[in-house]
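Asks: Hey, dropping final.cif in here, mmCIF, C-alpha atoms:
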```cif
data_final
#
loop_
_atom_site.label_atom_id
_atom_site.label_comp_id
_atom_site.auth_asym_id
_atom_site.auth_seq_id
_atom_site.Cartn_x
_atom_site.Cartn_y
_atom_site.Cartn_z
CA MET B 1 -26.40 23.72 -20.85
CA THR B 2 -27.03 20.06 -20.22
CA LYS B 3 -24.18 18.06 -18.82
CA ILE B 4 -23.78 14.34 -19.39
CA THR B 5 -21.33 12.61 -17.08
CA ILE B 6 -19.76 9.25 -17.81
CA ASP B 7 -18.18 8.04 -14.59
CA PRO B 8 -16.20 5.88 -14.42
CA ILE B 9 -14.98 5.06 -17.91
CA THR B 10 -14.81 1.32 -18.21
CA ARG B 11 -13.15 -1.62 -19.89
CA LEU B 12 -9.67 -0.20 -19.80
CA GLU B 13 -6.99 0.13 -17.15
CA GLY B 14 -7.12 3.37 -15.26
CA HIS B 15 -9.61 5.79 -13.89
CA GLY B 16 -11.34 8.44 -15.97
CA LYS B 17 -14.40 10.63 -16.14
CA ILE B 18 -15.97 12.26 -19.17
CA GLU B 19 -18.13 15.40 -19.03
CA ILE B 20 -20.09 16.29 -22.16
CA PHE B 21 -21.77 19.68 -22.42
CA LEU B 22 -24.70 19.97 -24.82
CA ASN B 23 -25.95 23.30 -26.13
CA ASP B 24 -29.62 24.20 -26.50
CA GLU B 25 -29.77 22.53 -29.90
CA GLY B 26 -28.63 19.29 -28.31
CA ASP B 27 -25.27 19.37 -30.04
CA VAL B 28 -22.03 18.83 -28.23
CA ALA B 29 -20.59 22.19 -27.25
CA ASN B 30 -17.54 20.67 -25.56
CA ALA B 31 -16.35 17.46 -23.93
CA TYR B 32 -13.73 16.98 -21.23
CA LEU B 33 -11.78 13.91 -20.18
CA GLN B 34 -10.48 14.02 -16.62
CA ILE B 35 -8.17 11.60 -14.87
CA PRO B 36 -9.07 11.58 -11.16
CA GLU B 37 -6.07 9.65 -9.92
CA LEU B 38 -2.41 10.22 -9.16
CA ARG B 39 -0.27 7.89 -7.10
CA GLY B 40 3.07 9.69 -7.28
CA PHE B 41 5.50 6.98 -8.42
CA GLU B 42 7.68 9.75 -9.88
CA LYS B 43 8.24 10.99 -6.36
CA PHE B 44 8.20 8.02 -4.05
CA CYS B 45 10.69 6.03 -6.10
CA GLU B 46 13.26 8.67 -5.16
CA GLY B 47 15.41 7.30 -2.35
CA ARG B 48 14.65 3.66 -3.14
CA PRO B 49 17.53 1.41 -4.26
CA VAL B 50 17.89 1.18 -8.02
CA GLU B 51 17.79 -2.62 -8.01
CA GLU B 52 14.34 -2.47 -6.43
CA MET B 53 12.89 -0.49 -9.34
CA PRO B 54 11.93 -3.63 -11.30
CA ARG B 55 9.96 -4.69 -8.24
CA ILE B 56 8.22 -1.35 -7.65
CA VAL B 57 7.41 0.14 -11.04
CA PRO B 58 5.54 -2.84 -12.49
CA ARG B 59 2.89 -1.81 -9.96
CA ILE B 60 2.19 1.21 -12.10
CA CYS B 61 0.12 -1.07 -14.28
CA GLY B 62 -0.76 -4.68 -13.55
CA VAL B 63 -2.37 -5.24 -16.91
CA MET L 1 16.67 1.48 13.62
CA LYS L 2 17.67 5.14 13.74
CA LYS L 3 18.28 5.13 10.01
CA MET L 4 14.80 3.77 9.43
CA LEU L 5 13.22 6.24 11.84
CA ALA L 6 15.05 9.08 10.12
CA GLN L 7 13.51 7.93 6.85
CA LEU L 8 10.15 8.15 8.57
CA GLY L 9 10.83 11.69 9.74
CA ILE L 10 11.42 10.82 13.38
CA GLU L 11 14.27 12.86 14.82
CA GLU L 12 17.05 10.64 16.10
CA GLU L 13 17.02 12.48 19.40
CA ARG L 14 13.64 10.89 20.17
CA VAL L 15 15.17 7.44 20.54
CA ARG L 16 17.96 6.55 22.91
CA LEU L 17 19.52 3.24 23.89
CA ASP L 18 21.35 2.94 27.16
CA TRP L 19 22.16 0.24 29.70
CA VAL L 20 21.68 1.03 33.37
CA SER L 21 21.88 -1.51 36.17
CA ALA L 22 19.48 -1.58 39.07
CA SER L 23 22.19 -0.27 41.37
CA GLU L 24 22.85 2.85 39.30
CA GLY L 25 19.90 4.83 40.60
CA ASP L 26 21.51 8.24 40.22
CA ARG L 27 22.61 7.56 36.66
CA PHE L 28 19.13 6.35 35.74
CA ALA L 29 17.59 9.54 37.08
CA ALA L 30 20.14 11.68 35.24
CA ILE L 31 19.54 9.93 31.93
CA ILE L 32 15.77 10.25 32.25
CA LYS L 33 16.08 13.92 33.10
CA GLU L 34 18.34 14.55 30.09
CA MET L 35 16.00 12.68 27.77
CA THR L 36 12.96 14.51 29.10
CA GLU L 37 14.58 17.89 28.45
CA GLN L 38 15.61 16.81 25.00
CA ILE L 39 12.10 15.67 24.09
CA LYS L 40 10.54 18.83 25.47
CA LYS L 41 12.80 20.87 23.20
CA LEU L 42 11.69 18.87 20.19
CA GLY L 43 8.03 19.51 20.87
CA PRO L 44 5.04 17.22 20.50
CA PHE L 45 5.20 14.35 18.08
CA SER L 46 2.54 14.83 15.43
CA ARG L 47 0.14 11.93 15.39
CA ASN L 48 -0.40 11.48 11.71
CA GLY L 49 2.33 13.62 10.25
CA GLY L 50 -0.01 16.58 10.17
CA GLY L 51 -1.78 15.13 7.15
CA GLU L 52 -5.43 15.99 6.87
CA ASN L 53 -6.40 12.53 8.00
CA GLY L 54 -5.43 13.11 11.59
CA MET U 1 -33.48 -18.09 -6.70
CA ALA U 2 -31.58 -14.97 -7.58
CA LYS U 3 -27.86 -15.35 -8.04
CA PRO U 4 -25.63 -13.65 -5.46
CA LYS U 5 -24.45 -10.20 -6.53
CA VAL U 6 -20.76 -9.43 -6.62
CA ALA U 7 -19.01 -6.11 -7.16
CA LEU U 8 -15.33 -5.46 -7.80
CA TYR U 9 -13.72 -2.05 -7.57
CA TRP U 10 -10.28 -0.52 -7.88
CA ALA U 11 -9.10 2.50 -5.92
CA ALA U 12 -5.40 3.48 -5.99
CA SER U 13 -4.64 0.35 -7.90
CA CYS U 14 -2.70 -0.92 -10.89
CA GLY U 15 -5.32 -3.28 -12.23
CA GLY U 16 -3.22 -6.32 -11.29
CA CYS U 17 -5.80 -7.64 -8.83
CA ASP U 18 -8.50 -7.45 -11.47
CA VAL U 19 -6.20 -9.23 -13.92
CA ALA U 20 -5.56 -11.86 -11.24
CA VAL U 21 -9.30 -12.55 -11.11
CA LEU U 22 -9.23 -12.89 -14.89
CA ASP U 23 -6.24 -15.22 -14.50
CA THR U 24 -8.65 -17.80 -13.19
CA ASN U 25 -8.95 -18.43 -16.94
CA GLU U 26 -11.82 -20.70 -17.86
CA LYS U 27 -12.99 -20.75 -14.26
CA ILE U 28 -14.14 -17.15 -14.71
CA LEU U 29 -17.01 -18.58 -16.73
CA ASP U 30 -18.00 -20.75 -13.76
CA ILE U 31 -17.81 -17.66 -11.57
CA ALA U 32 -19.92 -15.66 -14.02
CA ASN U 33 -22.50 -18.44 -14.00
CA LEU U 34 -22.50 -18.63 -10.24
CA VAL U 35 -22.92 -14.93 -9.50
CA ASP U 36 -24.18 -11.70 -11.02
CA ILE U 37 -21.33 -9.24 -11.33
CA VAL U 38 -23.04 -5.91 -10.87
CA PHE U 39 -20.04 -3.57 -11.00
CA TRP U 40 -16.51 -4.14 -12.37
CA PRO U 41 -15.01 -1.17 -14.22
CA ILE U 42 -12.20 -3.14 -15.90
CA ALA U 43 -14.62 -5.54 -17.54
CA LEU U 44 -18.18 -4.19 -17.41
CA ASP U 45 -19.88 -0.90 -18.19
CA PHE U 46 -21.80 -0.26 -14.99
CA LYS U 47 -21.37 3.29 -13.68
CA TYR U 48 -21.34 4.86 -10.22
CA HIS U 49 -24.96 5.93 -10.65
CA HIS U 50 -25.94 2.28 -11.07
CA VAL U 51 -24.35 1.49 -7.72
CA LYS U 52 -25.98 4.50 -6.06
CA ALA U 53 -29.37 3.26 -7.24
CA MET U 54 -28.90 -0.16 -5.65
CA GLU U 55 -30.54 -0.95 -2.35
CA ASP U 56 -28.32 -0.97 0.70
CA GLY U 57 -26.96 -4.43 1.39
CA SER U 58 -28.08 -5.75 -1.97
CA ILE U 59 -24.54 -6.61 -3.06
CA ASP U 60 -23.57 -9.90 -1.45
CA LEU U 61 -19.83 -9.64 -1.89
CA CYS U 62 -17.57 -6.72 -2.76
CA LEU U 63 -13.95 -7.31 -3.68
CA PHE U 64 -12.29 -3.92 -3.23
CA ASN U 65 -8.70 -3.57 -4.42
CA GLY U 66 -6.43 -0.56 -4.30
CA ALA U 67 -5.52 1.80 -1.48
CA VAL U 68 -7.56 4.89 -0.60
CA ARG U 69 -5.81 8.16 -1.38
CA SER U 70 -8.47 10.45 -2.82
CA SER U 71 -11.87 11.74 -1.81
CA GLU U 72 -13.45 9.82 -4.70
CA GLN U 73 -11.87 6.55 -3.58
CA GLU U 74 -13.06 7.19 -0.04
CA ASP U 75 -16.58 8.04 -1.24
CA ILE U 76 -16.83 4.92 -3.39
CA ALA U 77 -15.45 2.79 -0.52
CA ARG U 78 -18.23 4.14 1.71
CA LEU U 79 -20.81 3.73 -1.04
CA LEU U 80 -19.85 0.12 -1.71
CA ARG U 81 -19.75 -0.57 2.02
CA ALA U 82 -23.33 0.64 2.38
CA LYS U 83 -24.48 -1.42 -0.59
CA SER U 84 -22.60 -4.60 0.34
CA LYS U 85 -23.15 -7.32 2.89
CA VAL U 86 -19.54 -8.47 2.84
CA MET U 87 -16.58 -6.23 2.07
CA VAL U 88 -13.24 -7.81 1.21
CA ALA U 89 -9.96 -5.87 1.19
CA PHE U 90 -8.58 -7.55 -1.92
CA GLY U 91 -4.86 -7.40 -2.57
CA ALA U 92 -1.95 -5.83 -0.73
CA CYS U 93 -2.99 -2.24 -1.46
CA ALA U 94 -6.44 -2.50 0.09
CA CYS U 95 -5.09 -4.61 2.97
CA PHE U 96 -1.93 -2.73 3.88
CA GLY U 97 -1.52 0.22 1.50
CA GLY U 98 0.71 -1.59 -0.95
CA ILE U 99 3.16 0.12 -3.27
CA PRO U 100 1.04 3.31 -3.52
CA ALA U 101 1.52 3.68 0.25
CA LEU U 102 5.20 4.44 -0.43
CA ALA U 103 3.74 7.89 -1.11
CA ASN U 104 3.49 8.14 2.68
CA PHE U 105 7.20 8.99 2.58
CA THR U 106 6.13 12.22 0.93
CA ASN U 107 2.99 14.36 0.66
CA ARG U 108 0.71 15.84 -1.98
CA ASP U 109 2.64 19.08 -2.40
CA GLU U 110 5.91 17.26 -3.01
CA ILE U 111 4.23 14.86 -5.42
CA PHE U 112 2.57 17.69 -7.35
CA GLU U 113 5.83 19.60 -7.54
CA ARG U 114 7.65 16.58 -8.94
CA VAL U 115 4.93 15.41 -11.32
CA TYR U 116 3.78 18.75 -12.73
CA ILE U 117 6.88 20.95 -12.49
CA GLU U 118 10.14 19.09 -11.99
CA SER U 119 9.63 16.05 -14.15
CA PRO U 120 11.83 16.22 -17.27
CA SER U 121 8.90 15.75 -19.61
CA SER U 122 6.91 18.68 -18.19
CA ALA U 123 6.88 22.23 -19.51
CA ASN U 124 4.62 24.03 -17.09
CA GLU U 125 5.81 27.62 -16.61
CA ASN U 126 2.36 28.71 -15.49
CA ARG U 127 2.53 26.19 -12.65
CA THR U 128 -0.85 24.71 -13.54
CA PHE U 129 -1.90 22.10 -11.01
CA PRO U 130 -5.04 19.96 -10.89
CA GLN U 131 -7.85 21.71 -9.01
CA THR U 132 -10.82 20.19 -7.31
CA LEU U 133 -13.05 22.71 -9.07
CA THR U 134 -12.35 24.19 -12.49
CA ARG U 135 -14.60 26.66 -14.25
CA VAL U 136 -14.78 26.32 -18.01
CA ALA U 137 -16.87 28.22 -20.54
CA GLU U 138 -19.61 25.62 -20.44
CA GLY U 139 -19.83 25.08 -16.71
CA GLU U 140 -17.86 23.44 -13.93
CA LEU U 141 -15.58 20.43 -13.75
CA GLU U 142 -14.71 18.59 -10.57
CA LEU U 143 -11.81 16.42 -9.58
CA PRO U 144 -11.45 14.57 -6.30
CA GLU U 145 -9.12 15.83 -3.61
CA LEU U 146 -5.88 13.88 -3.30
CA PHE U 147 -4.87 13.09 0.29
CA ASP U 148 -1.44 13.60 1.79
CA THR U 149 -1.73 10.16 3.35
CA VAL U 150 -2.55 6.85 1.69
CA LEU U 151 -5.00 4.77 3.72
CA THR U 152 -5.85 1.09 3.83
CA LEU U 153 -9.46 0.10 3.17
CA ALA U 154 -9.99 -0.85 6.82
CA GLN U 155 -8.92 2.63 7.87
CA VAL U 156 -11.92 3.99 5.97
CA VAL U 157 -14.72 1.39 6.30
CA ASP U 158 -15.39 -1.84 8.17
CA VAL U 159 -13.89 -4.81 6.35
CA GLU U 160 -14.91 -8.43 6.86
CA TYR U 161 -12.07 -10.25 5.11
CA PHE U 162 -8.56 -9.63 3.88
CA VAL U 163 -7.00 -11.27 0.85
CA PRO U 164 -3.33 -10.28 0.73
CA GLY U 165 -0.81 -10.42 -2.08
CA CYS U 166 0.44 -8.35 -4.93
CA PRO U 167 -1.56 -9.74 -6.58
CA PRO U 168 -3.38 -12.48 -4.66
CA PRO U 169 -2.49 -15.83 -6.21
CA VAL U 170 -5.12 -17.55 -8.33
CA ASP U 171 -5.50 -20.46 -5.92
CA ILE U 172 -6.40 -18.10 -3.09
CA ILE U 173 -8.89 -16.24 -5.31
CA LEU U 174 -10.58 -19.50 -6.22
CA LYS U 175 -10.60 -20.46 -2.54
CA VAL U 176 -12.36 -17.20 -1.67
CA VAL U 177 -14.98 -17.79 -4.36
CA ASP U 178 -15.46 -21.34 -3.14
CA LEU U 179 -15.80 -20.35 0.53
CA PHE U 180 -18.32 -17.70 -0.45
CA ALA U 181 -20.30 -19.99 -2.74
CA THR U 182 -20.52 -22.79 -0.19
CA GLY U 183 -21.33 -20.44 2.69
CA LYS U 184 -18.17 -21.45 4.53
CA LEU U 185 -16.51 -18.07 5.00
CA PRO U 186 -14.35 -17.99 8.15
CA PRO U 187 -15.02 -15.74 11.16
CA VAL U 188 -15.07 -12.04 10.34
CA GLY U 189 -11.67 -10.38 10.35
CA ALA U 190 -9.86 -13.35 8.86
CA VAL U 191 -6.96 -13.02 6.46
CA ILE U 192 -7.52 -15.59 3.75
CA ALA U 193 -4.01 -16.97 3.31
CA SER U 194 -1.73 -19.12 5.43
CA ASP U 195 -1.29 -18.71 9.17
CA LYS U 196 2.43 -19.39 8.97
CA THR U 197 5.26 -17.15 7.93
CA LEU U 198 6.87 -17.36 4.51
CA CYS U 199 10.01 -18.68 6.24
CA ASP U 200 8.06 -21.63 7.61
CA GLU U 201 6.80 -22.46 4.14
CA CYS U 202 10.07 -21.84 2.33
CA GLU U 203 11.68 -24.98 0.96
CA ARG U 204 15.22 -23.68 0.86
CA ILE U 205 17.93 -25.23 3.00
CA LYS U 206 18.30 -23.40 6.28
CA GLU U 207 21.39 -23.87 8.39
CA GLU U 208 22.55 -21.24 10.79
CA LYS U 209 21.13 -17.78 10.64
CA LYS U 210 24.31 -15.81 11.13
CA ILE U 211 25.57 -13.27 8.65
CA THR U 212 28.49 -10.90 8.72
CA ARG U 213 27.62 -8.93 5.61
CA ILE U 214 24.48 -7.85 3.87
CA TYR U 215 24.46 -7.90 0.10
CA ARG U 216 22.13 -5.97 -2.18
CA PRO U 217 20.36 -8.44 -4.47
CA HIS U 218 22.45 -7.49 -7.51
CA GLU U 219 25.81 -7.85 -5.74
CA ILE U 220 25.91 -11.65 -5.72
CA ILE U 221 24.28 -14.46 -7.57
CA PRO U 222 22.39 -16.29 -4.85
CA ASP U 223 22.48 -20.05 -4.55
CA PRO U 224 18.90 -21.10 -5.39
CA GLU U 225 18.93 -23.92 -2.84
CA ARG U 226 19.99 -22.03 0.27
CA CYS U 227 18.13 -19.55 2.43
CA LEU U 228 18.59 -16.04 1.02
CA LEU U 229 19.00 -14.42 4.43
CA GLU U 230 21.79 -16.82 5.26
CA GLN U 231 23.52 -15.68 2.08
CA GLY U 232 23.30 -12.10 3.29
CA ILE U 233 20.39 -10.97 1.15
CA ILE U 234 17.61 -9.23 3.04
CA CYS U 235 14.48 -11.31 2.69
CA CYS U 236 11.25 -10.27 4.40
CA GLY U 237 10.19 -13.90 4.87
CA PRO U 238 10.59 -13.98 8.68
CA ALA U 239 7.83 -11.43 9.18
CA THR U 240 5.61 -12.05 6.18
CA ARG U 241 2.51 -14.20 6.05
CA GLY U 242 2.78 -17.28 3.88
CA GLY U 243 0.39 -18.69 1.31
CA CYS U 244 1.82 -17.05 -1.80
CA GLY U 245 3.41 -20.18 -3.19
CA LEU U 246 6.89 -18.64 -2.86
CA ARG U 247 6.61 -16.92 -6.23
CA CYS U 248 9.55 -14.60 -5.65
CA ILE U 249 11.76 -17.13 -3.84
CA LYS U 250 11.34 -19.54 -6.73
CA ALA U 251 12.58 -16.78 -9.03
CA ASN U 252 15.67 -16.55 -6.80
CA MET U 253 14.60 -13.15 -5.49
CA PRO U 254 13.99 -12.25 -1.87
CA CYS U 255 10.55 -11.74 -0.41
CA ARG U 256 9.44 -8.14 -0.11
CA GLY U 257 6.48 -8.75 2.17
CA CYS U 258 3.42 -8.41 -0.06
CA PHE U 259 1.34 -10.78 2.07
CA GLY U 260 1.64 -8.46 5.04
CA PRO U 261 2.54 -9.32 8.62
CA PRO U 262 2.02 -12.84 9.97
CA PRO U 263 -0.57 -13.52 12.68
CA GLY U 264 0.34 -11.82 15.93
CA VAL U 265 2.56 -9.16 14.39
CA VAL U 266 1.18 -5.64 14.48
CA ASP U 267 3.97 -3.78 12.71
CA GLN U 268 5.67 -5.69 9.92
CA GLY U 269 8.59 -3.30 9.45
CA ALA U 270 9.50 -3.19 13.12
CA LYS U 271 9.48 -6.97 13.26
CA LEU U 272 11.75 -7.13 10.24
CA VAL U 273 14.27 -4.71 11.78
CA SER U 274 14.34 -6.95 14.80
CA ALA U 275 14.71 -10.12 12.71
CA ILE U 276 17.54 -8.78 10.54
CA ALA U 277 19.35 -7.23 13.48
CA SER U 278 19.21 -10.45 15.42
CA ILE U 279 20.99 -12.51 12.77
CA TYR U 280 23.72 -10.00 12.01
CA GLN U 281 26.93 -10.90 13.81
CA GLY U 282 28.35 -7.62 14.96
CA ASN U 283 30.47 -7.09 18.01
CA ASP U 284 31.83 -3.59 17.84
CA GLU U 285 30.97 -0.09 16.68
CA GLU U 286 32.64 -0.79 13.35
CA ASP U 287 30.45 -3.82 12.62
CA ILE U 288 27.35 -1.85 13.51
CA ALA U 289 28.37 1.11 11.39
CA ARG U 290 29.03 -1.22 8.49
CA MET U 291 25.62 -2.88 8.83
CA VAL U 292 23.90 0.49 8.81
CA VAL U 293 25.61 1.31 5.53
CA GLU U 294 24.85 -2.12 4.07
CA VAL U 295 21.10 -1.84 4.70
CA VAL U 296 20.48 0.83 2.11
CA ASP U 297 16.79 1.60 2.47
CA PRO U 298 15.46 0.10 5.71
CA ALA U 299 12.11 1.87 5.81
CA GLY U 300 11.43 1.35 2.11
CA THR U 301 12.41 -2.31 2.25
CA PHE U 302 10.77 -3.35 5.52
CA TYR U 303 7.63 -1.33 4.84
CA ARG U 304 7.57 -1.91 1.07
CA PHE U 305 3.92 -2.99 1.00
CA GLY U 306 2.77 -2.07 4.49
CA LEU U 307 3.62 1.55 5.24
CA ALA U 308 -0.02 2.62 5.53
CA ASP U 309 -0.72 -0.28 7.88
CA SER U 310 2.27 0.37 10.16
CA LEU U 311 2.08 1.99 13.58
CA LEU U 312 3.53 5.23 12.27
CA LYS U 313 1.51 5.06 9.03
CA ARG U 314 3.56 7.74 7.31
CA LYS U 315 6.70 9.85 7.45
CA ARG U 316 6.54 12.89 9.67
CA ILE U 317 7.24 15.90 7.52
CA GLN U 318 7.93 18.45 10.21
CA GLN U 319 7.08 22.06 9.64
CA ALA U 320 9.89 23.81 11.53
CA LYS U 321 9.00 22.68 15.03
CA GLY U 322 11.43 22.76 17.95
CA ARG U 323 14.94 21.50 17.28
CA VAL U 324 17.61 20.08 19.54
CA GLU U 325 20.68 22.25 19.04
#
```
Do you think you could lay out the structure here as structure tokens?
Replies:
Amino acid sequence: MTKITIDPITRLEGHGKIEIFLNDEGDVANAYLQIPELRGFEKFCEGRPVEEMPRIVPRICGV
Amino acid sequence: MKKMLAQLGIEEERVRLDWVSASEGDRFAAIIKEMTEQIKKLGPFSRNGGGENG
Amino acid sequence: MAKPKVALYWAASCGGCDVAVLDTNEKILDIANLVDIVFWPIALDFKYHHVKAMEDGSIDLCLFNGAVRSSEQEDIARLLRAKSKVMVAFGACACFGGIPALANFTNRDEIFERVYIESPSSANENRTFPQTLTRVAEGELELPELFDTVLTLAQVVDVEYFVPGCPPPVDIILKVVDLFATGKLPPVGAVIASDKTLCDECERIKEEKKITRIYRPHEIIPDPERCLLEQGIICCGPATRGGCGLRCIKANMPCRGCFGPPPGVVDQGAKLVSAIASIYQGNDEEDIARMVVEVVDPAGTFYRFGLADSLLKRKRIQQAKGRVE
């Protein structure tokens, strides 16, 4: 199987990688989108004061 | 300070604030001895939190 | 003569620094005329393999934003370092760790548990977690390894310049471009911002720094003319580098330190503890106890943007070591 990798995906916010597997006929057998990032806002916001949330969570996405 | 250190996972027994005057030699020695024992019981302080980066 | 080559990259980032570059508005066209942008995922289609094919040192300037918290981010940091003459830690995350460095209060296991199991929107009975290597019918898929500890760019590669801010203000970005274009970059290691503290640059009226109570920002409506600290609101101005144009202060909100420590200060959070403690008027155990309660999240407030850059770098998550009884 041939594998075509598109890394990184571009012109959007975020990180992503696409792997395309071609069979012997050259047709797409399968394609996978992977997201190679995780910052953990869901966890590290725990324990922070609630009034600071509007100053922390906008940093999830600056776009 | 202790509250902040606790948030950073540093046991409060690792930090102590005391006032000793230069003439209180015995008391100074006693406090240092106590603190040394206390720290030994706690064990070594991990350099980078045991994370894989150090 | 060939135009200088510039690359921009984002690691553990939100995209805000890239948007800040785009916020130069029409000046971006001048920039695009001045240089060849050879890699910029938010705006251009160049891939990692294009960068790998470049000659070492052929990129004249690399603006790297985002903290480093995965093996991929570390690899690309090293790759861009090899290919670039000048590496700039762009934005608070690359300089100090930024908001993503708040993950240094926890670790990968705890994050995975929360994100993939505990979170209310997850239904994951099989406890499926991301793996660095996954076998599928067609072959293999790889994901980078996530670190327990978030790192600053300088903790991974040599960095020539630091541009702080969350995000860096447009005037500083244009200054960086100008210094680069005219060959007037300062000595290596410089932070391209002000050399004063935010307090020095703040225009509010300062009288006597003595407070008897600390208020959380939502508990009072601060007077927009007077110093916030003097009104009892914790402001990180005393130990934060200036140059940001007082964006938060002008919105009547206290500084949270996104420009990092001022010159001469190694640990921003420690300096802030010292600054706040020194203005609090407390004479007895009761006053002190009250102050401890009033400062609700010291580590998260004083190290909001700089945990990765601090002396301790992260929280110690002890695995059952010795205990004092």
Asks: Name the residues in contact with Lys17 (chain B) at a cut-off of 9 Å, using only C-alpha atoms, excluding same-chain residues fewer than 4 positions from it; report them as a count of residues only.
Replies: 10
Asks: Convert the output of the PyMOL selection byres ((chain U) within 6 of (chain B)) on the shown file into explicit residues, formatted as a list in words.
Replies: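 For this structure, the PyMOL selection byres ((chain U) within 6 of (chain B)) resolves to Cys14, Gly15, Gly16, Pro41, Ile42, Ala43, Asp45, Lys47, Pro100, Leu102, Ala103, Ile111 and Leu143 of chain U.
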Asks: Please indicate the distance in Å from CA of Phe112 (chain U) to CA of Thr128 (chain U), rounded to one decimal place.
Replies: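 Computed distance, CA of Phe112 (chain U) to CA of Thr128 (chain U), equals 10.0 Å.
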Asks: Please evaluate the PyMOL selection byres ((chain U and resi 315) around 7) against the structure above and give the resulting residues as a PDB file with C-alpha atoms, in the frame of the given file.
Replies:
```pdb
ATOM      1  CA  LEU L   8      10.150   8.150   8.570  1.00  0.00           C
ATOM      2  CA  GLY L   9      10.830  11.690   9.740  1.00  0.00           C
ATOM      3  CA  GLY L  49       2.330  13.620  10.250  1.00  0.00           C
TER       4      GLY L  49
ATOM      5  CA  ASN U 104       3.490   8.140   2.680  1.00  0.00           C
ATOM      6  CA  PHE U 105       7.200   8.990   2.580  1.00  0.00           C
ATOM      7  CA  THR U 106       6.130  12.220   0.930  1.00  0.00           C
ATOM      8  CA  ARG U 314       3.560   7.740   7.310  1.00  0.00           C
ATOM      9  CA  ARG U 316       6.540  12.890   9.670  1.00  0.00           C
ATOM     10  CA  ILE U 317       7.240  15.900   7.520  1.00  0.00           C
TER      11      ILE U 317
END
```
Asks: Mind pulling up the distance from CA of Phe147 (chain U) to CA of Leu133 (chain U)?
Replies: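 That distance, rounded to one decimal, is 15.7 Å.
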Asks: Once you count only C-alpha atoms, what closest atom pair and distance in Å to one decimal does each residue of chain L within 12 Å of region 286-309 of chain U have, with rows by chain and rising residue number, as JSON lines?
Replies:
```
{"residue": "L:Met1", "atom": "CA", "partner": "U:Pro298", "partner_atom": "CA", "distance": 8.1}
{"residue": "L:Lys2", "atom": "CA", "partner": "U:Val292", "partner_atom": "CA", "distance": 9.2}
{"residue": "L:Lys3", "atom": "CA", "partner": "U:Pro298", "partner_atom": "CA", "distance": 7.2}
{"residue": "L:Met4", "atom": "CA", "partner": "U:Ala299", "partner_atom": "CA", "distance": 4.9}
{"residue": "L:Leu5", "atom": "CA", "partner": "U:Ala299", "partner_atom": "CA", "distance": 7.5}
{"residue": "L:Ala6", "atom": "CA", "partner": "U:Ala299", "partner_atom": "CA", "distance": 8.9}
{"residue": "L:Gln7", "atom": "CA", "partner": "U:Ala299", "partner_atom": "CA", "distance": 6.3}
{"residue": "L:Leu8", "atom": "CA", "partner": "U:Ala299", "partner_atom": "CA", "distance": 7.1}
{"residue": "L:Gly9", "atom": "CA", "partner": "U:Ala299", "partner_atom": "CA", "distance": 10.7}
{"residue": "L:Ile10", "atom": "CA", "partner": "U:Ala299", "partner_atom": "CA", "distance": 11.7}
{"residue": "L:Asn48", "atom": "CA", "partner": "U:Ala308", "partner_atom": "CA", "distance": 10.8}
```
Asks: Hey, can you check how far CA of Leu80 (chain U) sits from CA of Tyr48 (chain U)?
Replies: 9.9 Å
Asks: Determine the nearest neighbour of chain U from the options L:Leu42, L:Met35, L:Ala30, L:Val20, counting all atoms listed in the file.
Replies: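 Looking at the shortest contact to chain U, the residue is L:Leu42.
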Asks: Could you check which of U:Arg216, U:His50, U:Arg127, U:Arg69 is closest to chain L, using all atoms listed in the file?
Replies: U:Arg69
Asks: Considering all atoms listed in the file, return as a ChimeraX atom specification whatever protein or nucleic-acid residues lie within 6 Å of Cys93 (chain U), sequence-local ones (same chain, fewer than 3 positions apart) excluded.
Replies: /U:66-67,96-98
Asks: What would the selection look like, as number ranges by chain, if the PyMOL selection byres ((chain U and resi 178-180) around 12) were run on the coordinates I just shared?
Replies: U: 4-6, 27, 30-31, 34-35, 60-63, 85-88, 161, 171-177, 181-187, 192
